[in-house]
Each structure stands twice: as structure tokens, then as C-alpha cells.
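A.B. asks: The following block contains the structure, expressed as C-alpha cells.
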2 protein chains.
Amino acid sequence: MAKPKPANAKDPAECTQMILPVRDALDILSGKWKLPIIISLSFGNKRFSQMAREIPNITDRMLSKELRDLEINQLVKRTVYPSVPVVVEYSMTQYGKSLERVIGELRNWGMQHRKRIITKKSSE
Amino acid sequence: MAKPKPANAKDPAECTQMILPVRDALDILSGKWKLPIIISLSFGNKRFSQMAREIPNITDRMLSKELRDLEINQLVKRTVYPSVPVVVEYSMTQYGKSLERVIGELRNWGMQHRKRIITKKSSE
């Protein structure tokens with residue numbers, strides 16, 4: 001460990017190093033829909049219409065676009081069953097499951113954020 | 001615990017319940033710049049120009065807009081020192097520090113995602 005320096009004198013490269021992987025993650029998970037879709041699939045395999053019902057306010061168009069992005073990044077798998085009529089099912093890949101802890105922390109933070117807002121409003 | 005049900009039969013309300021706090025968190029942290037700004041301030045108080053240098057590709061306009069949003073949500077504090085010339089410094093609030101674990105998990109995930117991409121490219 002380097003000896004402590006005043007905060008402002010820290011190496012800017014160190015800070016940038018820390019930012020880059022977070023940016024990589026944000027690039028993949030960007031927007032307001034990808035994580036909700038992954039959460040929905042964490043409860044089990046789903047068909048398109050089931051997800052459309054479970055995710056508040058998502059449009060079919062958005063859901064379809066985001067599912068395609070998630071498939072490209074191998075977080076979600078699309079399986080077509082050759083029945084009559086054809087059944088299409090979406091599932092989370094093993095790789096998608098690696099997001100569990102990220103989602104858990106976002107959820108914890110979101111819950112305490114909402115609690116904080118409510119407490120504040122009621123004390124105003 | 002309820003007894004196991006087939007995945008598809010799960011209560012959709014349970015899934016929606018899980019999505020809402022994550023959505024709350026994403027609303028506050030949306031976009032590609034807010035977390036990088038918070039990371040930059042986690043290394044110490046900064047002036048505007050220092051942050052503009054440390055955060056890859058951010059424009060002054062974006063930085064200024066995002067700092068304002070973060071200030072409104074009380075994640076970042078702006079302090080004006082009445083020196084000549086006036087010095088403006090940004091710092092992370094106690095509340096901003098509560099994002100540490102979210103950032104840590106995003107960073108871990110981003111790092112292993114990058115490793116995965118590189119391994120795949122080199123084996124192609």
C-alpha cells in the first residue's frame with residue numbers, strides 16, 4: 001500500500017481504472033429494462049406475453065428489442081419448441097445468473113432509497 | 001417458505017415486487033455518467049475540471065448536468081469557498097457512500113465480463 005496522500009493528490013489513473021469496469025457493466029445493462037427482464041426470468045422460464053404482463057409499463061416493442069440485446073450478450077436464451085403452434089420460451093443463461101449479486105445490491109439500495117424518500121416526505 | 005411450484009406458475013406479483021426497488025435504484029443512477037462521477041468523488045473531493053479529466057469521454061455539459069441531478073438526489077454536495085477567485089468543490093455525501101456495495105458489485109461483474117470477452121475473442 002502506498003502511504004496516505006491528501007485526497008486531491010491521488011493518481012487520476014487509479015480513479016479511471018476503477019471507472020472502466022463499472023462502465024463496461026453499465027454498457028451491457030444500460031437502460032431501464034434489461035435488469036427487470038433478467039429479474040423476471042430469474043423467477044423461471046417465460047413466454048413473451050408473461051414477461052410483458054409482469055414488467056410494469058414495458059411496451060412489446062421495448063421488450064422485444066431488449067430481449068434481442070440480452071440474447072446477443074448471452075444473458076438470455078431463446079428456445080423455439082417445434083410444436084403446433086410453435087412455442088417460444090425465454091430463459092436465463094448461466095451467465096445471466098452471474099448478475100444475481102449486482103441485482104441484489106441494487107434492490108437493497110432501491111428499497112432503502114424509497115424508505116428514505118417516504119420518511120422525508122412524512123416529516124415535511 | 002412456500003412449497004416449490006413449477007417456475008411458470010409463480011405469482012407474477014412476487015416478480016413485480018422484486019422489480020420495483022431495482023427500478024427505483026436505476027431511476028436515480030440512470031445513464032452512463034452518474035456512477036463514474038460518484039466513483040471519482042469516492043477518491044476524494046474534486047473540482048469540476050479534475051473530474052472532467054478523470055472520467056473518460058465526459059463532456060463539460062454532461063458533467064454539469066449530472067452533477068446537478070446528483071446534488072438534487074443528495075448523493076453529491078457542492079461547496080463554494082468564498083475565496084478570490086471563488087473555489088467550488090464537489091464531495092460525496094454520506095448518502096452517496098451508501099452506493100459503495102452497488103458499485104463494488106458492478107465493478108466485479110464488469111471485470112469478469114471483460115475477461116470473458118477477451119478469452120472468447122482469443123479462442124475464435
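Starting from 1 in every chain, residues are counted up; chains themselves are A, B, ... following the order of the C-alpha cells, and ligands are numbered from 1 as listed.
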Using DSSP on the backbone coordinates, identify all residues within chain A classified as strand (DSSP E or B); present the result as a ChimeraX atom specification.
C.D. replies: /A:46,76-81,87-92
A.B. asks: If the cut-off is 9 Å, can you tell me the residues of chain B near chain A, counting only C-alpha atoms? I'd like them as a compact mmCIF listing (two decimals) with all heavy atoms, in the first residue's frame.
C.D. replies:
# COMPACT_ATOMS: atom_id res chain seq x y z
N PRO B 6 -43.95 -25.24 -10.12
CA PRO B 6 -43.25 -25.11 -11.40
C PRO B 6 -42.99 -23.62 -11.65
O PRO B 6 -43.82 -22.77 -11.30
CB PRO B 6 -44.24 -25.69 -12.42
CG PRO B 6 -45.50 -25.99 -11.68
CD PRO B 6 -45.26 -25.88 -10.22
N ALA B 7 -41.84 -23.34 -12.23
CA ALA B 7 -41.40 -21.95 -12.38
C ALA B 7 -42.48 -21.05 -12.95
O ALA B 7 -42.72 -19.95 -12.46
CB ALA B 7 -40.17 -21.90 -13.27
N ASN B 8 -43.17 -21.52 -13.96
CA ASN B 8 -44.12 -20.66 -14.65
C ASN B 8 -45.35 -20.33 -13.84
O ASN B 8 -46.08 -19.41 -14.17
CB ASN B 8 -44.55 -21.32 -15.95
CG ASN B 8 -43.44 -21.29 -16.96
OD1 ASN B 8 -42.44 -20.61 -16.72
ND2 ASN B 8 -43.59 -22.00 -18.05
N ALA B 9 -45.60 -21.10 -12.80
CA ALA B 9 -46.82 -20.88 -12.04
C ALA B 9 -46.63 -19.87 -10.91
O ALA B 9 -47.56 -19.57 -10.19
CB ALA B 9 -47.30 -22.20 -11.47
N LYS B 10 -45.41 -19.34 -10.77
CA LYS B 10 -45.15 -18.41 -9.67
C LYS B 10 -46.01 -17.17 -9.76
O LYS B 10 -46.40 -16.73 -10.84
CB LYS B 10 -43.67 -18.03 -9.68
CG LYS B 10 -42.87 -18.98 -8.82
CD LYS B 10 -41.55 -18.34 -8.47
CE LYS B 10 -40.73 -19.29 -7.60
NZ LYS B 10 -39.33 -18.97 -7.61
N PRO B 12 -47.06 -13.69 -10.30
CA PRO B 12 -46.44 -12.57 -11.01
C PRO B 12 -46.20 -11.38 -10.08
O PRO B 12 -45.27 -10.62 -10.27
CB PRO B 12 -47.44 -12.22 -12.10
CG PRO B 12 -48.40 -13.33 -12.17
CD PRO B 12 -48.35 -14.05 -10.87
N ALA B 13 -47.03 -11.23 -9.05
CA ALA B 13 -46.88 -10.10 -8.14
C ALA B 13 -45.54 -10.15 -7.42
O ALA B 13 -44.91 -9.12 -7.18
CB ALA B 13 -48.02 -10.09 -7.12
N GLU B 14 -45.08 -11.34 -7.11
CA GLU B 14 -43.80 -11.51 -6.42
C GLU B 14 -42.66 -10.99 -7.30
O GLU B 14 -41.74 -10.32 -6.83
CB GLU B 14 -43.62 -13.01 -6.14
CG GLU B 14 -42.52 -13.35 -5.16
CD GLU B 14 -42.32 -14.87 -5.08
OE1 GLU B 14 -43.23 -15.62 -5.47
OE2 GLU B 14 -41.24 -15.29 -4.66
N CYS B 15 -42.77 -11.31 -8.57
CA CYS B 15 -41.76 -10.86 -9.52
C CYS B 15 -41.78 -9.33 -9.63
O CYS B 15 -40.74 -8.67 -9.58
CB CYS B 15 -42.03 -11.53 -10.86
SG CYS B 15 -41.10 -10.89 -12.23
N THR B 16 -42.97 -8.77 -9.75
CA THR B 16 -43.09 -7.31 -9.86
C THR B 16 -42.53 -6.64 -8.59
O THR B 16 -41.85 -5.63 -8.67
CB THR B 16 -44.58 -6.93 -10.07
OG1 THR B 16 -45.08 -7.69 -11.15
CG2 THR B 16 -44.72 -5.46 -10.39
N MET B 18 -40.16 -7.57 -6.81
CA MET B 18 -38.70 -7.62 -6.86
C MET B 18 -38.18 -6.57 -7.83
O MET B 18 -37.10 -6.01 -7.65
CB MET B 18 -38.32 -9.03 -7.31
CG MET B 18 -36.87 -9.25 -7.57
SD MET B 18 -36.08 -9.94 -6.10
CE MET B 18 -34.37 -9.97 -6.67
N ILE B 19 -38.96 -6.33 -8.89
CA ILE B 19 -38.51 -5.39 -9.93
C ILE B 19 -38.55 -3.95 -9.44
O ILE B 19 -37.65 -3.15 -9.73
CB ILE B 19 -39.36 -5.57 -11.21
CG1 ILE B 19 -39.03 -6.91 -11.88
CG2 ILE B 19 -39.16 -4.42 -12.19
CD1 ILE B 19 -39.91 -7.28 -13.06
N LEU B 20 -39.58 -3.61 -8.64
CA LEU B 20 -39.78 -2.19 -8.31
C LEU B 20 -38.59 -1.51 -7.62
O LEU B 20 -38.19 -0.44 -8.06
CB LEU B 20 -41.07 -2.02 -7.50
CG LEU B 20 -42.35 -2.26 -8.33
CD1 LEU B 20 -43.58 -2.14 -7.46
CD2 LEU B 20 -42.45 -1.31 -9.53
N PRO B 21 -38.00 -2.10 -6.56
CA PRO B 21 -36.87 -1.40 -5.96
C PRO B 21 -35.65 -1.29 -6.88
O PRO B 21 -34.92 -0.29 -6.82
CB PRO B 21 -36.54 -2.24 -4.72
CG PRO B 21 -37.24 -3.52 -4.88
CD PRO B 21 -38.40 -3.28 -5.78
N VAL B 22 -35.47 -2.29 -7.75
CA VAL B 22 -34.35 -2.19 -8.70
C VAL B 22 -34.61 -1.04 -9.66
O VAL B 22 -33.70 -0.28 -10.01
CB VAL B 22 -34.14 -3.54 -9.45
CG1 VAL B 22 -33.10 -3.40 -10.53
CG2 VAL B 22 -33.74 -4.63 -8.48
N ARG B 23 -35.87 -0.89 -10.06
CA ARG B 23 -36.23 0.23 -10.93
C ARG B 23 -36.02 1.57 -10.24
O ARG B 23 -35.56 2.54 -10.86
CB ARG B 23 -37.70 0.09 -11.35
CG ARG B 23 -37.90 -0.85 -12.49
CD ARG B 23 -37.76 -0.12 -13.80
NE ARG B 23 -38.85 0.79 -13.98
CZ ARG B 23 -40.05 0.42 -14.44
NH1 ARG B 23 -40.26 -0.81 -14.82
NH2 ARG B 23 -41.01 1.29 -14.52
N ASP B 24 -36.36 1.63 -8.97
CA ASP B 24 -36.12 2.86 -8.20
C ASP B 24 -34.63 3.22 -8.23
O ASP B 24 -34.26 4.37 -8.44
CB ASP B 24 -36.53 2.68 -6.73
CG ASP B 24 -38.04 2.73 -6.55
OD1 ASP B 24 -38.74 3.15 -7.49
OD2 ASP B 24 -38.52 2.36 -5.47
N ALA B 25 -33.80 2.20 -8.00
CA ALA B 25 -32.35 2.44 -7.99
C ALA B 25 -31.89 2.89 -9.37
O ALA B 25 -31.13 3.86 -9.51
CB ALA B 25 -31.62 1.18 -7.56
N LEU B 26 -32.38 2.21 -10.41
CA LEU B 26 -31.96 2.56 -11.77
C LEU B 26 -32.40 3.97 -12.14
O LEU B 26 -31.70 4.68 -12.87
CB LEU B 26 -32.51 1.54 -12.78
CG LEU B 26 -31.94 0.12 -12.71
CD1 LEU B 26 -32.65 -0.79 -13.71
CD2 LEU B 26 -30.44 0.11 -13.00
N ASP B 27 -33.56 4.39 -11.65
CA ASP B 27 -34.03 5.75 -11.94
C ASP B 27 -33.03 6.79 -11.45
O ASP B 27 -32.77 7.78 -12.11
CB ASP B 27 -35.38 6.01 -11.26
CG ASP B 27 -36.53 5.46 -12.09
OD1 ASP B 27 -36.29 5.07 -13.25
OD2 ASP B 27 -37.66 5.43 -11.58
N ILE B 28 -32.51 6.56 -10.26
CA ILE B 28 -31.57 7.52 -9.67
C ILE B 28 -30.20 7.44 -10.34
O ILE B 28 -29.51 8.46 -10.50
CB ILE B 28 -31.39 7.22 -8.15
CG1 ILE B 28 -32.73 7.23 -7.43
CG2 ILE B 28 -30.43 8.22 -7.52
CD1 ILE B 28 -33.39 8.56 -7.36
N SER B 30 -29.47 6.26 -13.39
CA SER B 30 -29.59 6.03 -14.83
C SER B 30 -28.51 6.74 -15.63
O SER B 30 -27.93 7.73 -15.19
CB SER B 30 -30.95 6.50 -15.30
OG SER B 30 -31.03 7.90 -15.06
N GLY B 31 -28.29 6.24 -16.82
CA GLY B 31 -27.32 6.85 -17.71
C GLY B 31 -25.92 6.33 -17.43
O GLY B 31 -25.69 5.61 -16.46
N LYS B 32 -24.99 6.70 -18.28
CA LYS B 32 -23.66 6.13 -18.13
C LYS B 32 -22.72 6.97 -17.29
O LYS B 32 -21.57 6.60 -17.07
CB LYS B 32 -23.04 5.84 -19.50
CG LYS B 32 -23.03 7.03 -20.46
CD LYS B 32 -22.75 6.59 -21.89
CE LYS B 32 -21.27 6.34 -22.13
NZ LYS B 32 -20.94 6.36 -23.58
N TRP B 33 -23.18 8.10 -16.76
CA TRP B 33 -22.23 9.01 -16.12
C TRP B 33 -22.33 9.11 -14.61
O TRP B 33 -21.36 9.45 -13.94
CB TRP B 33 -22.38 10.42 -16.71
CG TRP B 33 -22.12 10.45 -18.17
CD1 TRP B 33 -23.00 10.78 -19.15
CD2 TRP B 33 -20.89 10.12 -18.83
NE1 TRP B 33 -22.41 10.66 -20.38
CE2 TRP B 33 -21.10 10.26 -20.22
CE3 TRP B 33 -19.63 9.69 -18.39
CZ2 TRP B 33 -20.12 10.02 -21.16
CZ3 TRP B 33 -18.64 9.46 -19.33
CH2 TRP B 33 -18.89 9.62 -20.70
N LEU B 35 -22.66 6.98 -12.01
CA LEU B 35 -21.78 6.16 -11.18
C LEU B 35 -20.31 6.52 -11.38
O LEU B 35 -19.58 6.64 -10.39
CB LEU B 35 -22.06 4.67 -11.41
CG LEU B 35 -23.38 4.18 -10.79
CD1 LEU B 35 -23.64 2.73 -11.14
CD2 LEU B 35 -23.36 4.35 -9.26
N PRO B 36 -19.85 6.72 -12.62
CA PRO B 36 -18.46 7.19 -12.76
C PRO B 36 -18.17 8.48 -11.98
O PRO B 36 -17.11 8.61 -11.37
CB PRO B 36 -18.33 7.40 -14.27
CG PRO B 36 -19.23 6.36 -14.86
CD PRO B 36 -20.42 6.31 -13.92
N ILE B 37 -19.12 9.40 -11.94
CA ILE B 37 -18.90 10.64 -11.17
C ILE B 37 -18.79 10.30 -9.68
O ILE B 37 -17.90 10.80 -8.98
CB ILE B 37 -20.06 11.64 -11.41
CG1 ILE B 37 -20.01 12.18 -12.84
CG2 ILE B 37 -19.98 12.80 -10.41
CD1 ILE B 37 -21.24 12.98 -13.26
N ILE B 39 -17.85 7.50 -8.39
CA ILE B 39 -16.56 6.82 -8.17
C ILE B 39 -15.45 7.85 -8.08
O ILE B 39 -14.59 7.80 -7.19
CB ILE B 39 -16.27 5.81 -9.30
CG1 ILE B 39 -17.28 4.66 -9.26
CG2 ILE B 39 -14.84 5.28 -9.19
CD1 ILE B 39 -17.22 3.74 -10.46
N SER B 40 -15.47 8.80 -9.00
CA SER B 40 -14.43 9.84 -9.00
C SER B 40 -14.40 10.54 -7.64
O SER B 40 -13.33 10.77 -7.07
CB SER B 40 -14.69 10.81 -10.15
OG SER B 40 -13.95 11.98 -9.99
N SER B 42 -15.39 9.31 -4.87
CA SER B 42 -15.04 8.39 -3.79
C SER B 42 -13.54 8.42 -3.54
O SER B 42 -13.06 7.96 -2.51
CB SER B 42 -15.51 6.97 -4.11
OG SER B 42 -14.65 6.38 -5.07
N PHE B 43 -12.78 8.97 -4.48
CA PHE B 43 -11.34 9.11 -4.30
C PHE B 43 -10.97 10.43 -3.63
O PHE B 43 -9.81 10.74 -3.48
CB PHE B 43 -10.62 8.99 -5.65
CG PHE B 43 -10.50 7.57 -6.12
CD1 PHE B 43 -11.54 6.95 -6.79
CD2 PHE B 43 -9.35 6.84 -5.89
CE1 PHE B 43 -11.43 5.63 -7.21
CE2 PHE B 43 -9.22 5.54 -6.31
CZ PHE B 43 -10.27 4.93 -6.97
N GLY B 44 -11.97 11.22 -3.29
CA GLY B 44 -11.69 12.48 -2.61
C GLY B 44 -12.46 13.63 -3.24
O GLY B 44 -13.00 13.50 -4.34
N ASN B 45 -12.54 14.75 -2.51
CA ASN B 45 -13.24 15.92 -3.04
C ASN B 45 -12.55 16.41 -4.31
O ASN B 45 -11.34 16.31 -4.43
CB ASN B 45 -13.24 17.04 -2.00
CG ASN B 45 -13.94 16.60 -0.71
OD1 ASN B 45 -14.48 15.49 -0.66
ND2 ASN B 45 -13.93 17.46 0.29
N LYS B 46 -13.33 16.93 -5.22
CA LYS B 46 -12.77 17.32 -6.51
C LYS B 46 -13.35 18.63 -6.98
O LYS B 46 -14.49 18.97 -6.68
CB LYS B 46 -13.11 16.26 -7.57
CG LYS B 46 -12.60 14.87 -7.29
CD LYS B 46 -11.29 14.60 -7.97
CE LYS B 46 -10.62 13.38 -7.36
NZ LYS B 46 -11.24 12.14 -7.84
N GLN B 50 -11.07 18.74 -12.47
CA GLN B 50 -10.41 17.47 -12.14
C GLN B 50 -11.27 16.29 -12.57
O GLN B 50 -10.79 15.31 -13.14
CB GLN B 50 -10.20 17.36 -10.62
CG GLN B 50 -9.11 18.26 -10.07
CD GLN B 50 -9.00 18.08 -8.56
OE1 GLN B 50 -9.89 18.51 -7.83
NE2 GLN B 50 -7.92 17.47 -8.10
N ARG B 53 -11.32 15.66 -16.26
CA ARG B 53 -10.11 14.97 -16.75
C ARG B 53 -10.15 13.48 -16.45
O ARG B 53 -9.67 12.67 -17.24
CB ARG B 53 -8.86 15.56 -16.06
CG ARG B 53 -8.20 16.68 -16.83
CD ARG B 53 -6.78 16.89 -16.31
NE ARG B 53 -6.72 17.05 -14.85
CZ ARG B 53 -6.90 18.21 -14.21
NH1 ARG B 53 -7.16 19.30 -14.89
NH2 ARG B 53 -6.82 18.27 -12.90
N GLU B 54 -10.69 13.14 -15.29
CA GLU B 54 -10.60 11.75 -14.83
C GLU B 54 -11.63 10.81 -15.43
O GLU B 54 -11.43 9.61 -15.46
CB GLU B 54 -10.77 11.70 -13.31
CG GLU B 54 -9.52 12.11 -12.58
CD GLU B 54 -9.75 12.07 -11.07
OE1 GLU B 54 -10.81 11.62 -10.62
OE2 GLU B 54 -8.84 12.48 -10.36
N ILE B 55 -12.77 11.36 -15.85
CA ILE B 55 -13.84 10.50 -16.34
C ILE B 55 -13.75 10.44 -17.86
O ILE B 55 -14.00 11.43 -18.53
CB ILE B 55 -15.21 11.03 -15.87
CG1 ILE B 55 -15.22 11.11 -14.33
CG2 ILE B 55 -16.35 10.16 -16.39
CD1 ILE B 55 -16.40 11.85 -13.75
N PRO B 56 -13.37 9.28 -18.40
CA PRO B 56 -13.12 9.20 -19.84
C PRO B 56 -14.33 9.63 -20.66
O PRO B 56 -15.44 9.16 -20.43
CB PRO B 56 -12.79 7.71 -20.06
CG PRO B 56 -12.39 7.18 -18.72
CD PRO B 56 -13.16 7.99 -17.71
N SER B 98 -23.40 5.26 0.54
CA SER B 98 -24.21 4.04 0.65
C SER B 98 -24.23 3.26 -0.67
O SER B 98 -24.70 2.13 -0.72
CB SER B 98 -25.63 4.37 1.11
OG SER B 98 -26.34 5.03 0.08
N LEU B 99 -23.73 3.87 -1.73
CA LEU B 99 -23.69 3.18 -3.03
C LEU B 99 -22.46 2.29 -3.20
O LEU B 99 -22.31 1.63 -4.22
CB LEU B 99 -23.74 4.20 -4.17
CG LEU B 99 -25.12 4.76 -4.45
CD1 LEU B 99 -25.03 5.98 -5.32
CD2 LEU B 99 -25.96 3.68 -5.15
N ARG B 101 -21.46 -0.58 -2.12
CA ARG B 101 -21.60 -2.01 -2.44
C ARG B 101 -22.17 -2.23 -3.83
O ARG B 101 -21.77 -3.16 -4.54
CB ARG B 101 -22.46 -2.70 -1.39
CG ARG B 101 -21.72 -2.75 -0.05
CD ARG B 101 -22.55 -3.32 1.03
NE ARG B 101 -22.90 -4.71 0.76
CZ ARG B 101 -23.38 -5.53 1.69
NH1 ARG B 101 -23.56 -5.09 2.91
NH2 ARG B 101 -23.68 -6.76 1.38
N VAL B 102 -23.10 -1.36 -4.23
CA VAL B 102 -23.63 -1.44 -5.60
C VAL B 102 -22.47 -1.28 -6.59
O VAL B 102 -22.31 -2.08 -7.53
CB VAL B 102 -24.68 -0.33 -5.84
CG1 VAL B 102 -25.04 -0.24 -7.30
CG2 VAL B 102 -25.93 -0.57 -5.00
N ILE B 103 -21.64 -0.28 -6.34
CA ILE B 103 -20.52 -0.01 -7.24
C ILE B 103 -19.54 -1.18 -7.23
O ILE B 103 -19.05 -1.61 -8.28
CB ILE B 103 -19.82 1.31 -6.85
CG1 ILE B 103 -20.75 2.49 -7.17
CG2 ILE B 103 -18.48 1.47 -7.56
CD1 ILE B 103 -20.29 3.82 -6.62
N GLY B 104 -19.27 -1.72 -6.05
CA GLY B 104 -18.36 -2.86 -5.94
C GLY B 104 -18.82 -4.05 -6.77
O GLY B 104 -18.04 -4.65 -7.50
N GLU B 105 -20.11 -4.34 -6.70
CA GLU B 105 -20.63 -5.50 -7.44
C GLU B 105 -20.63 -5.23 -8.95
O GLU B 105 -20.34 -6.13 -9.74
CB GLU B 105 -22.04 -5.87 -6.98
CG GLU B 105 -22.11 -6.52 -5.60
CD GLU B 105 -21.29 -7.82 -5.49
OE1 GLU B 105 -21.02 -8.45 -6.53
OE2 GLU B 105 -20.93 -8.18 -4.36
N LEU B 106 -20.96 -4.02 -9.34
CA LEU B 106 -20.93 -3.68 -10.78
C LEU B 106 -19.50 -3.78 -11.30
O LEU B 106 -19.25 -4.22 -12.42
CB LEU B 106 -21.46 -2.27 -11.01
CG LEU B 106 -22.98 -2.15 -11.06
CD1 LEU B 106 -23.38 -0.68 -11.02
CD2 LEU B 106 -23.53 -2.78 -12.35
N ARG B 107 -18.56 -3.39 -10.47
CA ARG B 107 -17.16 -3.42 -10.86
C ARG B 107 -16.70 -4.88 -11.04
O ARG B 107 -16.07 -5.23 -12.04
CB ARG B 107 -16.34 -2.74 -9.78
CG ARG B 107 -14.94 -2.53 -10.17
CD ARG B 107 -14.17 -1.91 -9.05
NE ARG B 107 -12.80 -1.86 -9.42
CZ ARG B 107 -11.80 -2.16 -8.60
NH1 ARG B 107 -12.04 -2.50 -7.37
NH2 ARG B 107 -10.56 -2.10 -9.03
N ASN B 108 -17.02 -5.73 -10.06
CA ASN B 108 -16.66 -7.15 -10.18
C ASN B 108 -17.24 -7.76 -11.44
O ASN B 108 -16.57 -8.47 -12.18
CB ASN B 108 -17.23 -7.94 -8.98
CG ASN B 108 -16.52 -7.59 -7.70
OD1 ASN B 108 -15.44 -7.00 -7.72
ND2 ASN B 108 -17.13 -7.93 -6.57
N TRP B 109 -18.51 -7.45 -11.67
CA TRP B 109 -19.16 -8.04 -12.82
C TRP B 109 -18.53 -7.53 -14.12
O TRP B 109 -18.28 -8.30 -15.05
CB TRP B 109 -20.67 -7.77 -12.80
CG TRP B 109 -21.39 -8.66 -13.75
CD1 TRP B 109 -21.78 -9.94 -13.51
CD2 TRP B 109 -21.74 -8.38 -15.11
NE1 TRP B 109 -22.36 -10.47 -14.63
CE2 TRP B 109 -22.35 -9.54 -15.62
CE3 TRP B 109 -21.59 -7.27 -15.92
CZ2 TRP B 109 -22.82 -9.61 -16.93
CZ3 TRP B 109 -22.07 -7.34 -17.23
CH2 TRP B 109 -22.67 -8.50 -17.72
N GLY B 110 -18.28 -6.22 -14.16
CA GLY B 110 -17.67 -5.62 -15.36
C GLY B 110 -16.29 -6.21 -15.65
O GLY B 110 -15.94 -6.45 -16.81
N MET B 111 -15.54 -6.48 -14.59
CA MET B 111 -14.20 -7.03 -14.79
C MET B 111 -14.27 -8.44 -15.35
O MET B 111 -13.54 -8.77 -16.29
CB MET B 111 -13.42 -7.03 -13.47
CG MET B 111 -13.01 -5.61 -13.08
SD MET B 111 -11.63 -5.56 -11.90
CE MET B 111 -12.37 -6.38 -10.51
N GLN B 112 -15.17 -9.25 -14.81
CA GLN B 112 -15.21 -10.62 -15.32
C GLN B 112 -15.88 -10.66 -16.70
O GLN B 112 -15.55 -11.50 -17.53
CB GLN B 112 -15.81 -11.60 -14.31
CG GLN B 112 -17.22 -11.37 -13.87
CD GLN B 112 -18.18 -12.04 -14.81
OE1 GLN B 112 -17.81 -12.93 -15.55
NE2 GLN B 112 -19.42 -11.57 -14.80
N HIS B 113 -16.75 -9.71 -16.97
CA HIS B 113 -17.34 -9.64 -18.31
C HIS B 113 -16.24 -9.33 -19.35
O HIS B 113 -16.18 -9.97 -20.40
CB HIS B 113 -18.42 -8.56 -18.36
CG HIS B 113 -19.05 -8.43 -19.71
ND1 HIS B 113 -19.95 -9.34 -20.20
CD2 HIS B 113 -18.88 -7.52 -20.70
CE1 HIS B 113 -20.32 -8.99 -21.42
NE2 HIS B 113 -19.69 -7.89 -21.74
N ARG B 114 -15.40 -8.38 -19.02
CA ARG B 114 -14.31 -8.03 -19.96
C ARG B 114 -13.38 -9.22 -20.16
O ARG B 114 -12.97 -9.51 -21.29
CB ARG B 114 -13.55 -6.81 -19.41
CG ARG B 114 -12.34 -6.44 -20.25
CD ARG B 114 -11.82 -5.08 -19.94
NE ARG B 114 -12.70 -4.04 -20.49
CZ ARG B 114 -12.27 -2.83 -20.84
NH1 ARG B 114 -11.01 -2.49 -20.67
NH2 ARG B 114 -13.10 -1.95 -21.34
A.B. asks: Any chance you could list, as a count of residues only, the residues in chain B that come up helix (DSSP H, G or I) when DSSP is run on the backbone?
C.D. replies: 78
A.B. asks: Record the distance separating atom CA of Glu66 of chain A and atom CA of Asp69 of chain B, expressed in Å with one decimal.
C.D. replies: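 Rounded to one decimal, the two atoms are 26.3 Å apart.
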A.B. asks: List the spatial neighbours of Arg61 of chain B as a count of residues only - criterion: any atom at most 12 Å away, only C-alpha atoms, same-chain residues fewer than 3 positions off excluded.
C.D. replies: 11
A.B. asks: Name the residues in contact with Gly96 of chain B at a cut-off of 7 Å, using only C-alpha atoms, excluding same-chain residues fewer than 4 positions from it; report them as a count of residues only.
C.D. replies: 3
A.B. asks: Atom CA of Lys77 of chain A and atom CA of Gln94 of chain A are how many Å apart?
C.D. replies: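 If I compute the distance from atom CA of Lys77 of chain A to atom CA of Gln94 of chain A, I get 9.8 Å.
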